[in-house]
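**Student:** Please find structure-v7.tsv (TSV, C-alpha atoms and all ligand atoms) on the next line:
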chain	number	residue	atom	x	y	z
Z	1123	MET	CA	-23.26	-7.62	-15.59
Z	1124	LYS	CA	-20.32	-8.21	-13.24
Z	1125	LYS	CA	-21.24	-6.69	-9.88
Z	1126	LEU	CA	-18.51	-5.92	-7.35
Z	1127	ALA	CA	-19.36	-5.11	-3.73
Z	1128	ILE	CA	-16.91	-2.57	-2.36
Z	1129	ALA	CA	-16.79	-1.58	1.32
Z	1130	VAL	CA	-15.72	2.07	1.33
Z	1131	ILE	CA	-14.05	3.50	4.45
Z	1132	PRO	CA	-12.77	7.05	3.82
Z	1133	GLY	CA	-11.53	7.32	7.45
Z	1134	ASP	CA	-9.96	10.61	8.55
Z	1135	GLY	CA	-8.50	13.80	7.14
Z	1136	ILE	CA	-7.70	13.78	3.45
Z	1137	GLY	CA	-9.06	10.22	3.26
Z	1138	LYS	CA	-12.45	11.97	3.16
Z	1139	GLU	CA	-11.29	14.11	0.23
Z	1140	VAL	CA	-9.46	11.61	-1.96
Z	1141	VAL	CA	-11.72	8.56	-1.56
Z	1142	PRO	CA	-14.80	10.20	-3.20
Z	1143	GLU	CA	-12.52	11.37	-6.04
Z	1144	ALA	CA	-11.20	7.84	-6.64
Z	1145	LEU	CA	-14.80	6.56	-6.64
Z	1146	ARG	CA	-15.56	9.03	-9.45
Z	1147	VAL	CA	-12.74	7.43	-11.41
Z	1148	LEU	CA	-14.12	3.95	-10.69
Z	1149	ASP	CA	-17.55	5.10	-11.88
Z	1150	ALA	CA	-15.98	6.27	-15.13
Z	1151	VAL	CA	-14.25	2.87	-15.43
Z	1152	ALA	CA	-17.61	1.11	-15.01
Z	1153	GLU	CA	-19.15	3.32	-17.70
Z	1154	ILE	CA	-16.30	2.64	-20.15
Z	1155	HIS	CA	-16.31	-1.09	-19.41
Z	1156	GLY	CA	-20.06	-1.45	-19.94
Z	1157	GLY	CA	-20.36	-4.80	-18.17
Z	1158	LEU	CA	-19.10	-3.80	-14.75
Z	1159	GLU	CA	-20.98	-2.35	-11.80
Z	1160	PHE	CA	-19.66	-1.23	-8.41
Z	1161	ASP	CA	-21.96	-1.62	-5.44
Z	1162	TYR	CA	-20.48	0.67	-2.78
Z	1163	SER	CA	-21.31	0.42	0.92
Z	1164	HIS	CA	-20.07	3.44	2.86
Z	1165	TYR	CA	-18.81	3.21	6.44
Z	1166	PRO	CA	-18.09	6.35	8.50
Z	1167	TRP	CA	-15.59	4.59	10.80
Z	1168	SER	CA	-12.99	7.14	11.86
Z	1169	CYS	CA	-11.74	9.19	14.80
Z	1170	GLU	CA	-14.93	11.27	14.70
Z	1171	TYR	CA	-16.89	8.04	14.92
Z	1172	TYR	CA	-14.79	7.15	17.97
Z	1173	ILE	CA	-15.63	10.44	19.70
Z	1174	GLU	CA	-19.33	9.70	19.20
Z	1175	HIS	CA	-19.36	5.95	19.91
Z	1176	GLY	CA	-16.25	5.21	21.99
Z	1177	GLU	CA	-14.88	2.81	19.37
Z	1178	MET	CA	-13.43	3.07	15.88
Z	1179	MET	CA	-15.95	0.64	14.41
Z	1180	PRO	CA	-19.04	-1.12	15.79
Z	1181	LYS	CA	-18.70	-4.52	17.49
Z	1182	ASP	CA	-20.05	-6.28	14.41
Z	1183	GLY	CA	-18.10	-4.01	12.05
Z	1184	LEU	CA	-15.90	-6.74	10.62
Z	1185	GLU	CA	-18.96	-8.88	9.99
Z	1186	GLN	CA	-20.60	-6.01	8.10
Z	1187	ILE	CA	-17.77	-5.81	5.58
Z	1188	SER	CA	-16.70	-9.47	5.50
Z	1189	GLN	CA	-18.83	-10.34	2.48
Z	1190	SER	CA	-17.58	-7.55	0.25
Z	1191	ASP	CA	-15.33	-8.27	-2.72
Z	1192	ALA	CA	-12.78	-5.72	-1.51
Z	1193	ILE	CA	-12.30	-2.94	1.03
Z	1194	PHE	CA	-11.32	0.52	-0.22
Z	1195	LEU	CA	-9.79	2.60	2.55
Z	1196	GLY	CA	-8.54	6.20	2.70
Z	1197	ALA	CA	-6.47	6.90	5.81
Z	1198	VAL	CA	-6.90	6.51	9.54
Z	1199	GLY	CA	-5.67	8.87	12.23
Z	1200	ASP	CA	-6.47	12.23	13.76
Z	1201	PRO	CA	-4.15	12.71	16.70
Z	1202	SER	CA	-6.09	15.83	17.76
Z	1203	LEU	CA	-9.06	13.57	18.58
Z	1204	VAL	CA	-7.69	10.07	19.31
Z	1205	PRO	CA	-4.13	8.86	20.01
Z	1206	ASP	CA	-2.68	7.15	16.92
Z	1207	HIS	CA	-2.06	3.82	18.63
Z	1208	VAL	CA	-5.76	3.64	19.54
Z	1209	SER	CA	-7.19	4.69	16.17
Z	1210	LEU	CA	-4.90	2.60	13.97
Z	1211	ALA	CA	-5.22	-0.47	16.21
Z	1212	GLY	CA	-9.02	-0.14	16.36
Z	1213	LEU	CA	-9.60	0.00	12.62
Z	1214	LEU	CA	-6.75	-0.44	10.15
Z	1215	LEU	CA	-4.64	-2.98	12.04
Z	1216	LYS	CA	-7.75	-4.83	13.17
Z	1217	ILE	CA	-8.94	-5.35	9.60
Z	1218	ARG	CA	-5.46	-6.38	8.43
Z	1219	ARG	CA	-5.13	-8.92	11.23
Z	1220	GLU	CA	-8.64	-10.35	11.47
Z	1221	PHE	CA	-9.03	-10.62	7.71
Z	1222	GLN	CA	-5.65	-12.38	7.48
Z	1223	GLN	CA	-4.24	-9.87	5.01
Z	1224	VAL	CA	-0.83	-11.47	5.31
Z	1225	ILE	CA	0.85	-9.71	2.42
Z	1226	ASN	CA	1.36	-6.05	1.63
Z	1227	VAL	CA	2.15	-5.11	-1.97
Z	1228	ARG	CA	3.47	-1.74	-2.98
Z	1229	PRO	CA	4.67	-0.71	-6.42
Z	1230	ALA	CA	7.48	1.80	-6.86
Z	1231	LYS	CA	7.44	2.94	-10.45
Z	1232	MET	CA	8.80	5.93	-12.31
Z	1233	LEU	CA	5.65	7.46	-13.78
Z	1234	GLU	CA	5.72	9.55	-16.94
Z	1235	GLY	CA	5.44	13.18	-15.92
Z	1236	MET	CA	6.77	12.73	-12.38
Z	1237	VAL	CA	9.98	14.30	-11.13
Z	1238	SER	CA	12.06	11.90	-9.03
Z	1239	PRO	CA	14.43	13.30	-6.38
Z	1240	LEU	CA	17.07	11.04	-7.97
Z	1241	SER	CA	19.31	13.20	-10.13
Z	1242	ARG	CA	19.48	10.75	-13.04
Z	1243	PRO	CA	16.46	8.50	-12.64
Z	1244	GLU	CA	16.17	5.69	-15.16
Z	1245	ASN	CA	12.87	3.95	-15.75
Z	1246	PHE	CA	12.27	1.76	-12.72
Z	1247	ASP	CA	9.27	-0.45	-12.04
Z	1248	ILE	CA	9.56	-2.35	-8.77
Z	1249	MET	CA	6.91	-4.38	-6.93
Z	1250	ILE	CA	7.63	-4.71	-3.23
Z	1251	VAL	CA	6.04	-7.75	-1.60
Z	1252	ARG	CA	6.13	-7.36	2.16
Z	1253	GLU	CA	5.26	-9.92	4.81
Z	1254	ASN	CA	2.37	-8.34	6.71
Z	1255	SER	CA	1.62	-10.57	9.69
Z	1256	GLU	CA	4.74	-11.61	11.62
Z	1257	GLY	CA	8.50	-11.13	11.53
Z	1258	GLU	CA	10.00	-8.24	13.46
Z	1259	TYR	CA	6.59	-6.74	14.28
Z	1260	SER	CA	5.64	-9.23	16.96
Z	1261	SER	CA	4.38	-8.44	20.44
Z	1262	ILE	CA	6.51	-11.13	22.03
Z	1263	GLY	CA	9.10	-9.83	24.46
Z	1264	GLY	CA	9.26	-7.78	27.61
Z	1265	ARG	CA	11.12	-5.51	29.97
Z	1266	VAL	CA	12.58	-6.35	33.37
Z	1267	HIS	CA	14.43	-4.41	36.05
Z	1268	SER	CA	15.00	-0.68	35.88
Z	1269	GLY	CA	17.67	1.97	35.67
Z	1270	GLU	CA	21.12	0.66	34.80
Z	1271	ASP	CA	19.91	-2.93	35.13
Z	1272	GLU	CA	17.00	-2.62	32.72
Z	1273	VAL	CA	16.77	-5.46	30.18
Z	1274	VAL	CA	14.54	-5.36	27.10
Z	1275	VAL	CA	13.85	-8.30	24.81
Z	1276	GLN	CA	11.95	-7.99	21.52
Z	1277	ASN	CA	11.45	-11.25	19.66
Z	1278	ALA	CA	10.99	-11.63	15.94
Z	1279	VAL	CA	8.77	-14.47	14.74
Z	1280	PHE	CA	9.35	-16.25	11.44
Z	1281	THR	CA	7.18	-19.24	10.61
Z	1282	LYS	CA	7.73	-21.64	7.75
Z	1283	LYS	CA	4.15	-20.97	6.62
Z	1284	GLY	CA	4.45	-17.20	6.80
Z	1285	VAL	CA	7.79	-17.04	5.03
Z	1286	SER	CA	6.80	-19.56	2.35
Z	1287	ARG	CA	3.54	-17.85	1.43
Z	1288	VAL	CA	5.03	-14.38	1.03
Z	1289	MET	CA	7.85	-15.78	-1.09
Z	1290	GLN	CA	5.48	-17.86	-3.21
Z	1291	TYR	CA	3.42	-14.74	-3.83
Z	1292	GLY	CA	6.59	-12.94	-4.89
Z	1293	PHE	CA	7.59	-15.76	-7.23
Z	1294	GLU	CA	4.14	-15.79	-8.81
Z	1295	ILE	CA	4.16	-12.05	-9.47
Z	1296	ALA	CA	7.69	-12.29	-10.89
Z	1297	GLN	CA	6.50	-15.12	-13.13
Z	1298	GLN	CA	3.51	-13.09	-14.36
Z	1299	ARG	CA	5.74	-10.12	-15.07
Z	1300	GLY	CA	8.34	-12.32	-16.77
Z	1301	GLY	CA	10.87	-10.83	-14.43
Z	1302	SER	CA	13.14	-11.56	-11.49
Z	1303	LEU	CA	12.75	-11.88	-7.73
Z	1304	THR	CA	15.14	-10.31	-5.24
Z	1305	SER	CA	15.07	-11.46	-1.64
Z	1306	ALA	CA	15.91	-8.92	1.08
Z	1307	THR	CA	18.05	-10.68	3.66
Z	1308	LYS	CA	20.57	-9.95	6.40
Z	1309	SER	CA	21.97	-13.40	7.06
Z	1310	ASN	CA	25.42	-11.94	7.60
Z	1311	GLY	CA	24.22	-10.16	10.73
Z	1312	ILE	CA	21.03	-11.79	12.02
Z	1313	ALA	CA	21.99	-15.27	13.13
Z	1314	HIS	CA	18.77	-17.30	13.11
Z	1315	SER	CA	15.86	-15.81	11.26
Z	1316	MET	CA	17.65	-14.63	8.14
Z	1317	PRO	CA	19.61	-17.83	7.39
Z	1318	PHE	CA	16.20	-19.55	7.71
Z	1319	TRP	CA	14.70	-16.94	5.35
Z	1320	ASP	CA	17.49	-17.69	2.82
Z	1321	GLU	CA	16.96	-21.44	3.15
Z	1322	VAL	CA	13.24	-21.19	2.37
Z	1323	PHE	CA	13.99	-18.86	-0.53
Z	1324	ASN	CA	16.50	-21.30	-2.04
Z	1325	GLU	CA	14.13	-24.23	-1.50
Z	1326	LEU	CA	11.25	-22.47	-3.25
Z	1327	SER	CA	13.40	-21.21	-6.14
Z	1328	ALA	CA	13.54	-24.78	-7.42
Z	1329	ASN	CA	9.77	-24.64	-8.12
Z	1330	TYR	CA	10.14	-21.54	-10.30
Z	1331	PRO	CA	12.97	-22.32	-12.72
Z	1332	ASP	CA	11.82	-19.51	-15.05
Z	1333	VAL	CA	12.25	-16.81	-12.40
Z	1334	LYS	CA	15.72	-15.36	-12.04
Z	1335	THR	CA	16.54	-14.89	-8.36
Z	1336	ASN	CA	19.07	-13.17	-6.17
Z	1337	SER	CA	19.48	-12.30	-2.50
Z	1338	GLU	CA	20.76	-8.96	-1.29
Z	1339	HIS	CA	21.51	-7.80	2.21
Z	1340	ILE	CA	19.05	-5.15	3.27
Z	1341	ASP	CA	21.65	-2.44	3.72
Z	1342	ALA	CA	23.05	-2.90	0.21
Z	1343	LEU	CA	19.56	-3.31	-1.23
Z	1344	SER	CA	18.43	-0.03	0.33
Z	1345	ALA	CA	21.32	1.66	-1.43
Z	1346	PHE	CA	20.40	-0.01	-4.75
Z	1347	PHE	CA	16.91	1.50	-4.49
Z	1348	VAL	CA	18.67	4.85	-4.75
Z	1349	THR	CA	21.63	4.07	-7.03
Z	1350	LYS	CA	20.15	1.58	-9.54
Z	1351	PRO	CA	16.42	0.97	-8.99
Z	1352	GLN	CA	16.05	0.11	-12.70
Z	1353	THR	CA	17.85	-3.21	-12.03
Z	1354	LEU	CA	15.17	-4.40	-9.58
Z	1355	ASP	CA	11.87	-6.09	-10.45
Z	1356	VAL	CA	9.94	-7.92	-7.69
Z	1357	VAL	CA	11.41	-7.66	-4.19
Z	1358	VAL	CA	10.27	-9.92	-1.35
Z	1359	ALA	CA	10.97	-8.80	2.20
Z	1360	SER	CA	10.13	-9.38	5.84
Z	1361	ASN	CA	7.74	-7.05	7.65
Z	1362	LEU	CA	10.36	-4.51	8.83
Z	1363	PHE	CA	12.59	-4.64	5.76
Z	1364	GLY	CA	9.55	-4.32	3.47
Z	1365	ASP	CA	8.26	-1.36	5.46
Z	1366	ILE	CA	11.53	0.51	5.03
Z	1367	LEU	CA	12.02	-0.42	1.36
Z	1368	SER	CA	8.50	0.69	0.46
Z	1369	ASP	CA	9.09	4.11	1.99
Z	1370	ILE	CA	12.27	4.45	-0.07
Z	1371	GLY	CA	10.20	3.31	-3.04
Z	1372	ALA	CA	7.61	6.02	-2.43
Z	1373	ALA	CA	10.36	8.60	-2.00
Z	1374	ILE	CA	12.13	7.86	-5.31
Z	1375	MET	CA	8.78	8.05	-7.14
Z	1376	GLY	CA	8.62	11.70	-6.19
Z	1377	SER	CA	5.89	11.95	-3.51
Z	1378	ILE	CA	4.15	9.90	-0.88
Z	1379	GLY	CA	0.96	11.44	-2.28
Z	1380	ILE	CA	0.99	9.11	-5.29
Z	1381	ALA	CA	2.00	5.79	-3.67
Z	1382	PRO	CA	-0.59	2.97	-3.55
Z	1383	ALA	CA	-0.77	-0.27	-1.58
Z	1384	GLY	CA	-2.76	-3.47	-1.22
Z	1385	ASN	CA	-3.23	-5.72	1.81
Z	1386	ILE	CA	-3.83	-9.14	0.37
Z	1387	ASN	CA	-5.80	-12.02	1.87
Z	1388	LEU	CA	-4.55	-15.26	0.33
Z	1389	ASN	CA	-6.95	-17.92	1.64
Z	1390	GLY	CA	-10.08	-16.37	0.12
Z	1391	LYS	CA	-11.88	-16.37	3.48
Z	1392	PHE	CA	-11.92	-12.57	3.76
Z	1393	PRO	CA	-11.66	-9.60	1.41
Z	1394	SER	CA	-8.39	-7.83	0.64
Z	1395	MET	CA	-8.01	-4.13	1.46
Z	1396	PHE	CA	-6.61	-1.38	-0.74
Z	1397	GLU	CA	-5.28	1.89	0.72
Z	1398	PRO	CA	-2.70	4.48	-0.29
Z	1399	VAL	CA	0.61	4.61	1.55
Z	1400	HIS	CA	0.01	8.13	2.87
Z	1401	GLY	CA	-1.85	9.01	6.05
Z	1402	SER	CA	-4.60	11.52	6.79
Z	1403	ALA	CA	-2.33	14.57	6.31
Z	1404	PRO	CA	-4.00	16.82	8.92
Z	1405	ASP	CA	-1.68	19.67	7.83
Z	1406	ILE	CA	-3.46	20.03	4.47
Z	1407	TYR	CA	-6.88	18.60	5.25
Z	1408	GLY	CA	-9.88	20.77	4.36
Z	1409	LYS	CA	-8.13	22.82	1.68
Z	1410	GLY	CA	-9.03	20.59	-1.26
Z	1411	ILE	CA	-5.39	20.35	-2.33
Z	1412	ALA	CA	-4.57	16.75	-1.42
Z	1413	ASN	CA	-3.06	14.71	-4.23
Z	1414	PRO	CA	-5.73	12.16	-5.28
Z	1415	ILE	CA	-3.30	10.05	-7.35
Z	1416	GLY	CA	-2.28	7.74	-4.48
Z	1417	GLN	CA	-5.93	6.85	-3.95
Z	1418	ILE	CA	-6.65	6.57	-7.69
Z	1419	TRP	CA	-3.61	4.32	-8.27
Z	1420	THR	CA	-4.87	2.29	-5.28
Z	1421	ALA	CA	-8.17	1.88	-7.16
Z	1422	LYS	CA	-6.13	0.59	-10.12
Z	1423	MET	CA	-4.54	-2.07	-7.88
Z	1424	MET	CA	-8.01	-3.05	-6.69
Z	1425	LEU	CA	-9.19	-3.39	-10.31
Z	1426	ASP	CA	-6.21	-5.65	-11.08
Z	1427	HIS	CA	-7.02	-7.75	-8.01
Z	1428	LEU	CA	-10.69	-8.06	-8.95
Z	1429	GLY	CA	-9.87	-9.45	-12.37
Z	1430	GLU	CA	-9.93	-6.23	-14.40
Z	1431	PRO	CA	-6.25	-5.68	-15.29
Z	1432	GLU	CA	-7.09	-4.03	-18.62
Z	1433	MET	CA	-9.15	-1.39	-16.84
Z	1434	GLY	CA	-6.35	-1.08	-14.25
Z	1435	ALA	CA	-3.79	-0.46	-16.98
Z	1436	LEU	CA	-6.04	2.19	-18.51
Z	1437	VAL	CA	-6.29	4.04	-15.18
Z	1438	LEU	CA	-2.50	4.13	-14.84
Z	1439	LEU	CA	-2.13	5.47	-18.39
Z	1440	ALA	CA	-4.70	8.18	-17.59
Z	1441	ILE	CA	-2.74	9.12	-14.45
Z	1442	GLU	CA	0.48	9.42	-16.47
Z	1443	GLU	CA	-1.18	11.49	-19.17
Z	1444	THR	CA	-2.51	13.88	-16.51
Z	1445	LEU	CA	0.94	14.24	-14.96
Z	1446	GLN	CA	2.52	14.81	-18.37
Z	1447	GLN	CA	0.02	17.61	-19.00
Z	1448	GLY	CA	1.34	19.26	-15.82
Z	1449	ILE	CA	-2.02	18.94	-14.06
Z	1450	LYS	CA	-0.60	18.32	-10.59
Z	1451	THR	CA	-1.21	19.18	-6.97
Z	1452	GLY	CA	1.21	21.28	-4.92
Z	1453	ASP	CA	3.11	18.38	-3.33
Z	1454	ILE	CA	4.49	17.49	-6.77
Z	1455	GLY	CA	5.10	21.01	-7.95
Z	1456	GLY	CA	1.78	21.91	-9.59
Z	1457	ASN	CA	-1.00	24.30	-8.71
Z	1458	SER	CA	-4.11	22.27	-9.49
Z	1459	ASN	CA	-6.48	21.13	-6.76
Z	1460	THR	CA	-7.77	17.66	-5.91
Z	1461	LYS	CA	-10.88	17.90	-8.09
Z	1462	GLU	CA	-9.04	19.32	-11.12
Z	1463	VAL	CA	-6.54	16.46	-11.08
Z	1464	THR	CA	-9.36	13.88	-10.84
Z	1465	ASP	CA	-11.31	15.59	-13.62
Z	1466	ALA	CA	-8.22	15.42	-15.83
Z	1467	VAL	CA	-7.70	11.72	-15.06
Z	1468	ILE	CA	-11.34	11.00	-15.95
Z	1469	ALA	CA	-11.09	13.01	-19.17
Z	1470	ALA	CA	-7.90	11.11	-20.12
Z	1471	LEU	CA	-9.63	7.80	-19.36
Z	1472	LYS	CA	-12.50	8.70	-21.66
Z	1473	ARG	CA	-10.12	9.75	-24.43
Z	1474	LYS	CA	-8.26	6.44	-24.15
Z	1475	SER	CA	-11.29	4.15	-24.18
Z	1501	LIG	P1	0.94	11.64	6.28
Z	1501	LIG	O1	1.20	10.65	5.20
Z	1501	LIG	O2	-0.47	11.87	6.62
Z	1501	LIG	O3	1.61	13.03	5.89
Z	1501	LIG	C1	3.02	13.19	5.70
Z	1501	LIG	C2	3.28	14.43	4.83
Z	1501	LIG	O4	2.94	14.13	3.47
Z	1501	LIG	C3	2.45	15.64	5.22
Z	1501	LIG	O5	3.20	16.80	5.03
Z	1501	LIG	C4	1.29	15.61	4.24
Z	1501	LIG	O6	0.73	16.87	3.96
Z	1501	LIG	C5	1.94	15.00	3.00
Z	1501	LIG	N1	0.96	14.21	2.24
Z	1501	LIG	C6	0.50	12.95	2.55
Z	1501	LIG	N2	-0.40	12.55	1.66
Z	1501	LIG	C7	-0.53	13.55	0.76
Z	1501	LIG	C8	-1.33	13.73	-0.41
Z	1501	LIG	N3	-2.19	12.78	-0.84
Z	1501	LIG	N4	-1.23	14.89	-1.09
Z	1501	LIG	C9	-0.38	15.85	-0.68
Z	1501	LIG	N5	0.41	15.74	0.40
Z	1501	LIG	C10	0.33	14.60	1.11
Z	1501	LIG	O7	1.75	11.13	7.57
Z	1501	LIG	P2	1.75	11.74	9.05
Z	1501	LIG	O8	1.66	13.22	9.01
Z	1501	LIG	O9	2.88	11.09	9.72
Z	1501	LIG	O10	0.45	11.16	9.74
Z	1501	LIG	C11	-0.79	11.85	9.85
Z	1501	LIG	C12	-1.84	10.90	10.40
Z	1501	LIG	O11	-2.05	9.82	9.49
Z	1501	LIG	C13	-1.44	10.25	11.72
Z	1501	LIG	O12	-2.59	10.11	12.51
Z	1501	LIG	C14	-0.93	8.88	11.29
Z	1501	LIG	O13	-1.03	7.90	12.30
Z	1501	LIG	C15	-1.86	8.58	10.15
Z	1501	LIG	N6	-1.32	7.61	9.19
Z	1501	LIG	C16	-2.19	6.67	8.72
Z	1501	LIG	C17	-1.80	5.78	7.77
Z	1501	LIG	C18	-2.80	4.83	7.25
Z	1501	LIG	O14	-4.01	5.01	7.42
Z	1501	LIG	N7	-2.39	3.79	6.57
Z	1501	LIG	C19	-0.43	5.76	7.24
Z	1501	LIG	C20	0.40	6.83	7.75
Z	1501	LIG	C21	-0.04	7.70	8.70
Z	1502	MG	MG	5.84	2.84	6.81
Before we go any further, please render this structure as structure tokens.
Ligand code: NAI
Ligand code: MG

**Tutor:**
Amino acid sequence: MKKLAIAVIPGDGIGKEVVPEALRVLDAVAEIHGGLEFDYSHYPWSCEYYIEHGEMMPKDGLEQISQSDAIFLGAVGDPSLVPDHVSLAGLLLKIRREFQQVINVRPAKMLEGMVSPLSRPENFDIMIVRENSEGEYSSIGGRVHSGEDEVVVQNAVFTKKGVSRVMQYGFEIAQQRGGSLTSATKSNGIAHSMPFWDEVFNELSANYPDVKTNSEHIDALSAFFVTKPQTLDVVVASNLFGDILSDIGAAIMGSIGIAPAGNINLNGKFPSMFEPVHGSAPDIYGKGIANPIGQIWTAKMMLDHLGEPEMGALVLLAIEETLQQGIKTGDIGGNSNTKEVTDAVIAALKRKS
């Protein structure tokens, strides 16, 4: 029996509604598989936890989850209780940083049964590989003087190590998919970091002769996500560029409610963390109408990561069959609730196994 220890952190808002649903899907996967067992540990870390304890997670919180095979997270943030910069920094960003989850992967794929806002969407299937630890999101910089004389400097940080590892990860995924790798650059406008980015990309390309490569400036590439996403396969990008591209990716899929993501640790010292792209959606929390597909697709990415790609593929097929049947939540034009969608995904899974 293969036993996988999963640290479960539902977090806030609809995280508390969609995480238990995705766990039901994982339980069905274990049943179908026969030789797989999930050992869940549940952690109530959230804004409510903060109100009670004065912190988002206990002092030894990271230690408590460090031995798990993966972390499965819902969403963090309830601005009515705790300011966002405090809650996200105290839980989500802390895990990403301390567990050296240096890469963020987000698929953008046209699912069967989804309606894209693009008027003539062709089948696209993009994997965005975003640098998750440095780049434009650095805290180096400062402000001096005030009024008319105020000066603000924000530094971006690009290290050879950081750039190489995110690109290598992109090349490897492109190789596995038998596809191509597009690098998001802006070396025609950003004088130092992006020419360096291009240099490392060209250097590394030599090691992957079977992967077709190209570089696109971020402005043009953003447009291609809208005008011809079917021409893109794996896209590697810096922290800021990847952040923006993955939001466009979620948008062209038809709803943020279905978009999954993984925060990947590469050195094997700490677990990786899987979480949907969406937040805690306080506007719909408590009504039982949140779309569970983002969290369920996130579970699929976790299965792939934990060496169960066949089970992962089955989950995605079950999601698509459910969408094709028109069993959808309100955000994507249906009138089913969270539980009904999950039930349909589980029924489809069982039919397919
Ligand atoms: P949000 O993603 O929570 O919601 C944006 C809009 O999308 C809302 O109208 C919401 O109802 C809808 N939506 C999101 N997920 C949905 C789902 N599964 N089904 C149906 N509709 C869905 O982003 P927002 O409103 O900016 O942030 C709310 C809170 O979540 C804030 O505290 C924010 O900081 C936090 N947040 C946390 C993230 C994380 O944990 N990774 C990511 C984004 C936001
Ligand atoms: Mg974003």

**Student:** Looking at only C-alpha atoms and all ligand atoms, which of Z:Glu1159, Z:Glu1139, Z:Asp1191, Z:Glu1174 is the one that sits closest to ligand LIG 1501 (chain Z)?

**Tutor:**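 Smallest distance to ligand LIG 1501 (chain Z) is found for Z:Glu1139.
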
**Student:** For chain Z against ligand LIG 1501 (chain Z), with a cut-off of 7 Å and counting only C-alpha atoms and all ligand atoms, what is the closest atom pair and its distance in Å to one decimal for every residue that makes the cut, ordered by chain and number, as CSV?

**Tutor:**
residue,atom,partner,partner_atom,distance
Z:Gly1196,CA,Z:LIG1501,O14,6.6
Z:Ala1197,CA,Z:LIG1501,O14,3.5
Z:Val1198,CA,Z:LIG1501,O14,3.9
Z:Gly1199,CA,Z:LIG1501,O12,3.3
Z:Asp1200,CA,Z:LIG1501,O12,4.6
Z:Pro1201,CA,Z:LIG1501,O12,5.2
Z:Asp1206,CA,Z:LIG1501,O13,5.0
Z:Leu1210,CA,Z:LIG1501,O13,6.8
Z:Leu1214,CA,Z:LIG1501,O14,6.7
Z:Ile1378,CA,Z:LIG1501,N2,5.8
Z:Gly1379,CA,Z:LIG1501,N3,3.7
Z:Ile1380,CA,Z:LIG1501,N3,6.6
Z:Glu1397,CA,Z:LIG1501,N7,6.8
Z:Pro1398,CA,Z:LIG1501,N7,6.9
Z:Val1399,CA,Z:LIG1501,C19,5.9
Z:His1400,CA,Z:LIG1501,O1,3.6
Z:Gly1401,CA,Z:LIG1501,O2,3.2
Z:Ser1402,CA,Z:LIG1501,O11,4.1
Z:Ala1403,CA,Z:LIG1501,O2,3.3
Z:Pro1404,CA,Z:LIG1501,C11,6.0
Z:Asp1405,CA,Z:LIG1501,O6,5.4
Z:Ile1406,CA,Z:LIG1501,O6,5.3
Z:Ile1411,CA,Z:LIG1501,C9,6.9
Z:Ala1412,CA,Z:LIG1501,N4,3.8
Z:Asn1413,CA,Z:LIG1501,N4,3.6
Z:Pro1414,CA,Z:LIG1501,N3,5.7
Z:Gly1416,CA,Z:LIG1501,N3,6.2
Z:Asp1453,CA,Z:LIG1501,C9,5.1

**Student:** Would you write out, as JSON lines, a table of all residues in segment 1360-1416 of chain Z that have an atom no more than 10 Å from an atom of segment 1240-1249 of chain Z, listing for each the closest atom pair and the distance in Å to one decimal, considering all atoms listed in the file and ordering rows by chain and rising residue number?

**Tutor:**
{"residue": "Z:Ser1368", "atom": "CA", "partner": "Z:Met1249", "partner_atom": "CA", "distance": 9.1}
{"residue": "Z:Gly1371", "atom": "CA", "partner": "Z:Ile1248", "partner_atom": "CA", "distance": 8.1}
{"residue": "Z:Ala1373", "atom": "CA", "partner": "Z:Leu1240", "partner_atom": "CA", "distance": 9.3}
{"residue": "Z:Ile1374", "atom": "CA", "partner": "Z:Leu1240", "partner_atom": "CA", "distance": 6.4}
{"residue": "Z:Met1375", "atom": "CA", "partner": "Z:Leu1240", "partner_atom": "CA", "distance": 8.9}
{"residue": "Z:Gly1376", "atom": "CA", "partner": "Z:Leu1240", "partner_atom": "CA", "distance": 8.7}

**Student:** Can you pull out every residue with an atom within 7 Å of ligand MG 1502 (chain Z)? Use all atoms listed in the file and format it as a CSV table (one decimal) with C-alpha atoms, in the coordinates of the input.

**Tutor:**
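Okay, selection.csv is ready:
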chain,number,residue,atom,x,y,z
Z,1365,ASP,CA,8.3,-1.4,5.5
Z,1366,ILE,CA,11.5,0.5,5.0
Z,1369,ASP,CA,9.1,4.1,2.0

**Student:** Between Z:Lys1474, Z:Arg1299, Z:Arg1252, Z:His1207, which residue has the minimum interatomic distance to Phe1363 of chain Z, considering only C-alpha atoms?

**Tutor:**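 Nearest to Phe1363 of chain Z: Z:Arg1252.
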
**Student:** Just how far from atom CA of Asp1161 of chain Z is atom CA of Ser1475 of chain Z, in Å to one decimal?

**Tutor:**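 We find that atom CA of Ser1475 of chain Z and atom CA of Asp1161 of chain Z lie 22.3 Å from each other.
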
**Student:** Centre and edge lengths of an axis-aligned box around all listed atoms of segment 1213-1229 of chain Z, with 3 Å added on each side, are to be given in Å to one decimal, as AutoDock Vina command-line options.

**Tutor:**
--center_x -2.5 --center_y -6.2 --center_z 3.4 --size_x 20.3 --size_y 18.4 --size_z 25.6

**Student:** Name the closest residue to Ala1470 of chain Z among the candidates Z:Glu1294, Z:Leu1439, Z:Ile1449, Z:Ala1306; distances are taken between atoms, counting all atoms listed in the file.

**Tutor:**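 Of the candidates, the smallest distance to Ala1470 of chain Z is held by Z:Leu1439.
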
**Student:** Tell me which of Z:Asn1361, Z:Gly1448, Z:Ile1187, Z:Met1395 sits closest to Leu1425 of chain Z, counting all atoms listed in the file.

**Tutor:**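 Looking at the shortest contact to Leu1425 of chain Z, the residue is Z:Met1395.
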
**Student:** Taking all atoms listed in the file into account, name the residue in Z:Gln1276, Z:Ser1163, Z:Ser1168, Z:Gln1297 that is nearest to Ala1211 of chain Z.

**Tutor:**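 Among the listed residues, Z:Ser1168 lies closest to Ala1211 of chain Z.
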